[in-house]
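S.K.: Let me give you the structure first, and then I'll get to my questions.
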Amino acid sequence: MHYIDYIKNAKTFKEEPFNEVDGLVFSALSYLDFSTVLNKSKTIKLKNITYDNIKDICKNSRKPKVNEEFLSSLINSVRYNNIKIINQTTIKDIEEEKQFSAITVKISLLNAVIAFRGTDSSVLGWKENFNMGYMDQVPAQLEASKYLYKMFKRKRFSKFYVVGHSKGGNLAYYSVLHNTNIKYRIH
């Protein structure tokens, strides 16, 4: 089944717990730029995102039209329309050779998802990607570890789901391994 079909037909998080397809959905969500809507407010529910916001959020993604359909389906889904984006951090530092982005999404009163973005289409992103082949750790991995701990300290959720695609998956794995003191809340 195509994940858009899943989004349209999925039950609420109360009816059906977080699963692997949700991990895919949130990993894809991390590639979108919510900075324009988060600059206006600290958090935003998906159902409060307007059509104009959708265009802005998706305009710099690799496939804007596909991502507009994806985000629209989330907004109209009973499973996802009430989720709240509570943080997005994006860092590009040429000197440090760091390309990093992560998003934190509240899926219920006590549960959140942290999704790490993979390599973007920038030369900087690809350079850091190649650096992963020979360096013990790259700046984005250190940033991911700090981000996870910061979200843990800032927000009191009983469970965190940590996900990512490609380099984002590596950042998710690295951040969990390097935050052993909070592993008990990561699922």
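Following the order of the structure tokens, chains are lettered A, B, ..., residues in each are numbered from 1, and ligands are numbered from 1.
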A:Phe26: which residues within 12 Å, counting only C-alpha atoms, same-chain residues fewer than 4 positions away excluded, as a PyMOL selection string?
M.R.: chain A and resi 3+7+18-22+30-32+70-71+74+80+83+85+102-107+112-117+161-165+168-169
S.K.: Go ahead and save the picked residues with N, CA and C atoms, as a CSV table (one decimal), in the first residue's frame.
M.R.:
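Generated file (again-v5.csv):
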chain,number,residue,atom,x,y,z
A,3,TYR,N,2.0,4.9,0.9
A,3,TYR,CA,1.9,5.6,2.2
A,3,TYR,C,0.8,6.7,2.2
A,7,ILE,N,-2.1,7.0,5.0
A,7,ILE,CA,-2.4,8.3,5.7
A,7,ILE,C,-3.9,8.6,5.7
A,18,PHE,N,1.7,3.9,17.4
A,18,PHE,CA,2.7,4.2,16.5
A,18,PHE,C,3.3,3.0,15.9
A,19,ASN,N,3.6,3.0,14.6
A,19,ASN,CA,4.1,1.9,13.9
A,19,ASN,C,5.2,2.3,12.9
A,20,GLU,N,5.7,1.3,12.1
A,20,GLU,CA,6.8,1.6,11.2
A,20,GLU,C,6.4,2.6,10.1
A,21,VAL,N,5.2,2.5,9.6
A,21,VAL,CA,4.8,3.4,8.6
A,21,VAL,C,4.7,4.8,9.1
A,22,ASP,N,4.3,5.0,10.4
A,22,ASP,CA,4.4,6.3,11.0
A,22,ASP,C,5.8,6.8,11.0
A,30,SER,N,10.2,15.5,8.0
A,30,SER,CA,11.4,16.2,8.4
A,30,SER,C,12.1,16.9,7.3
A,31,TYR,N,11.8,16.5,6.0
A,31,TYR,CA,12.4,17.2,4.9
A,31,TYR,C,11.6,18.5,4.5
A,32,LEU,N,10.5,18.8,5.1
A,32,LEU,CA,9.8,20.0,4.8
A,32,LEU,C,10.3,21.1,5.7
A,70,PHE,N,1.4,15.3,-0.1
A,70,PHE,CA,1.7,14.6,1.1
A,70,PHE,C,1.2,15.4,2.4
A,71,LEU,N,1.6,16.6,2.4
A,71,LEU,CA,1.2,17.5,3.6
A,71,LEU,C,-0.3,17.7,3.6
A,74,LEU,N,-1.9,14.7,5.1
A,74,LEU,CA,-1.7,14.6,6.6
A,74,LEU,C,-2.7,15.6,7.3
A,80,TYR,N,-3.3,12.2,11.7
A,80,TYR,CA,-2.3,13.2,11.8
A,80,TYR,C,-2.7,14.6,12.0
A,83,ILE,N,-1.7,16.4,15.3
A,83,ILE,CA,-0.3,16.4,15.8
A,83,ILE,C,0.2,17.8,15.8
A,85,ILE,N,3.5,20.3,15.7
A,85,ILE,CA,5.0,20.5,15.5
A,85,ILE,C,5.4,21.5,16.6
A,102,ALA,N,16.3,18.7,12.2
A,102,ALA,CA,15.4,17.8,12.9
A,102,ALA,C,14.1,18.5,13.3
A,103,ILE,N,13.1,17.6,13.5
A,103,ILE,CA,11.8,18.2,13.8
A,103,ILE,C,11.3,17.3,15.0
A,104,THR,N,10.6,18.0,15.9
A,104,THR,CA,9.9,17.3,17.0
A,104,THR,C,8.4,17.5,16.9
A,105,VAL,N,7.7,16.4,17.0
A,105,VAL,CA,6.3,16.4,16.7
A,105,VAL,C,5.6,15.8,17.9
A,106,LYS,N,4.6,16.4,18.5
A,106,LYS,CA,3.8,15.9,19.6
A,106,LYS,C,2.7,15.1,19.0
A,107,ILE,N,2.6,13.8,19.3
A,107,ILE,CA,1.6,13.0,18.7
A,107,ILE,C,0.5,12.7,19.7
A,112,ALA,N,6.0,11.9,21.8
A,112,ALA,CA,6.6,12.7,20.8
A,112,ALA,C,7.5,11.9,19.8
A,113,VAL,N,7.6,12.5,18.6
A,113,VAL,CA,8.5,11.9,17.6
A,113,VAL,C,9.6,12.9,17.3
A,114,ILE,N,10.8,12.4,17.3
A,114,ILE,CA,11.9,13.3,16.8
A,114,ILE,C,12.4,12.6,15.5
A,115,ALA,N,12.3,13.4,14.4
A,115,ALA,CA,12.7,12.9,13.1
A,115,ALA,C,13.9,13.7,12.6
A,116,PHE,N,14.9,13.0,12.2
A,116,PHE,CA,16.1,13.6,11.7
A,116,PHE,C,16.1,13.6,10.2
A,117,ARG,N,16.4,14.7,9.5
A,117,ARG,CA,16.4,14.8,8.1
A,117,ARG,C,17.7,14.2,7.6
A,161,TYR,N,9.8,8.6,20.1
A,161,TYR,CA,10.1,7.8,19.0
A,161,TYR,C,11.1,8.6,18.2
A,162,VAL,N,12.2,7.9,17.8
A,162,VAL,CA,13.3,8.6,17.1
A,162,VAL,C,13.5,7.9,15.8
A,163,VAL,N,13.3,8.7,14.7
A,163,VAL,CA,13.3,8.2,13.4
A,163,VAL,C,14.2,9.1,12.4
A,164,GLY,N,14.4,8.5,11.2
A,164,GLY,CA,15.1,9.3,10.2
A,164,GLY,C,15.3,8.4,9.0
A,165,HIS,N,15.6,9.1,7.9
A,165,HIS,CA,15.8,8.4,6.6
A,165,HIS,C,17.2,8.6,6.1
A,168,GLY,N,19.6,10.7,8.0
A,168,GLY,CA,18.8,10.9,9.2
A,168,GLY,C,18.6,9.7,10.1
A,169,GLY,N,18.6,8.5,9.5
A,169,GLY,CA,18.5,7.3,10.2
A,169,GLY,C,19.8,7.1,11.0
S.K.: Per residue of stretch 74-107 of chain A within 8 Å of stretch 34-42 of chain A, what are the shortest atom pair and its distance in Å to one decimal, counting only C-alpha atoms, with rows by chain and residue number, as a Markdown table?
M.R.:
| residue | atom | partner | partner_atom | distance |
| --- | --- | --- | --- | --- |
| A:Ile86 | CA | A:Lys42 | CA | 6.7 |
| A:Asn87 | CA | A:Lys42 | CA | 7.5 |
| A:Gln88 | CA | A:Phe34 | CA | 7.1 |
S.K.: Could you tell me, as a ChimeraX atom specification, which residues of chain A DSSP assigns to strand (DSSP E or B) when given the backbone?
M.R.: /A:44-45,84-93,98-106,111-116,159-164,186
S.K.: I need the residues in stretch 9-159 of chain A that are helix (DSSP H, G or I) according to DSSP; give them as number ranges by chain.
M.R.: A: 9, 20-29, 35-40, 46-48, 51-58, 64-75, 123-131, 139-154
S.K.: List the spatial neighbours of stretch 144-160 of chain A as JSON, numbers by chain - criterion: any atom at most 8 Å away, only C-alpha atoms, same-chain residues fewer than 6 positions off excluded.
M.R.: {"A": [100, 102, 104, 109, 110, 111, 112, 113, 114, 116, 171, 172, 174, 175, 176, 178, 179, 182, 185, 186, 187]}
S.K.: Find the residues near stretch 127-140 of chain A: any atom within 9 Å, counting only C-alpha atoms, skip ones fewer than 6 places away on the same chain, and give them as a PyMOL selection string.
M.R.: chain A and resi 91+96-101+119+167+171
S.K.: Using N, CA and C atoms, can you write the selected residues to a file as a PDB file, in the first residue's frame?
M.R.:
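Output below, filename part.pdb:
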ATOM      1  N   ILE A  91      20.420  23.651  10.636  1.00  0.00           N
ATOM      2  CA  ILE A  91      21.731  24.296  10.710  1.00  0.00           C
ATOM      3  C   ILE A  91      22.527  23.924   9.474  1.00  0.00           C
ATOM      4  N   GLU A  96      32.192  24.240   9.564  1.00  0.00           N
ATOM      5  CA  GLU A  96      32.183  22.960  10.274  1.00  0.00           C
ATOM      6  C   GLU A  96      31.821  21.789   9.372  1.00  0.00           C
ATOM      7  N   GLU A  97      31.422  22.086   8.133  1.00  0.00           N
ATOM      8  CA  GLU A  97      30.932  21.075   7.195  1.00  0.00           C
ATOM      9  C   GLU A  97      29.769  20.306   7.821  1.00  0.00           C
ATOM     10  N   LYS A  98      28.769  21.080   8.266  1.00  0.00           N
ATOM     11  CA  LYS A  98      27.612  20.502   8.955  1.00  0.00           C
ATOM     12  C   LYS A  98      26.317  20.894   8.254  1.00  0.00           C
ATOM     13  N   GLN A  99      25.507  19.877   7.936  1.00  0.00           N
ATOM     14  CA  GLN A  99      24.142  20.050   7.436  1.00  0.00           C
ATOM     15  C   GLN A  99      23.270  19.214   8.348  1.00  0.00           C
ATOM     16  N   PHE A 100      22.407  19.897   9.102  1.00  0.00           N
ATOM     17  CA  PHE A 100      21.610  19.217  10.121  1.00  0.00           C
ATOM     18  C   PHE A 100      20.198  19.789  10.133  1.00  0.00           C
ATOM     19  N   SER A 101      19.221  18.904  10.280  1.00  0.00           N
ATOM     20  CA  SER A 101      17.854  19.345  10.491  1.00  0.00           C
ATOM     21  C   SER A 101      17.099  18.253  11.231  1.00  0.00           C
ATOM     22  N   THR A 119      20.431  13.646   4.120  1.00  0.00           N
ATOM     23  CA  THR A 119      21.213  14.558   3.301  1.00  0.00           C
ATOM     24  C   THR A 119      20.300  15.369   2.395  1.00  0.00           C
ATOM     25  N   LYS A 167      20.829   9.422   5.918  1.00  0.00           N
ATOM     26  CA  LYS A 167      21.691  10.021   6.939  1.00  0.00           C
ATOM     27  C   LYS A 167      20.884  10.334   8.189  1.00  0.00           C
ATOM     28  N   LEU A 171      21.698   9.542  12.075  1.00  0.00           N
ATOM     29  CA  LEU A 171      21.652  10.537  13.148  1.00  0.00           C
ATOM     30  C   LEU A 171      20.745  10.065  14.280  1.00  0.00           C
TER      31      LEU A 171
END
S.K.: Quote the spacing between atom CA of A:Leu142 and atom CA of A:Thr180 in Å to one decimal place.
M.R.: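 Computing it gives 14.3 Å between the two atoms.
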S.K.: Contacts of A:Arg79 at 9 Å or less, counting only C-alpha atoms, minus same-chain residues fewer than 4 places along, as a list in words?
M.R.: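 The contact residues come out as Ile7, Lys8, Asn9, Ala10, Lys11, Thr12, Phe13, Lys14, Leu74 and Ile83 of chain A.
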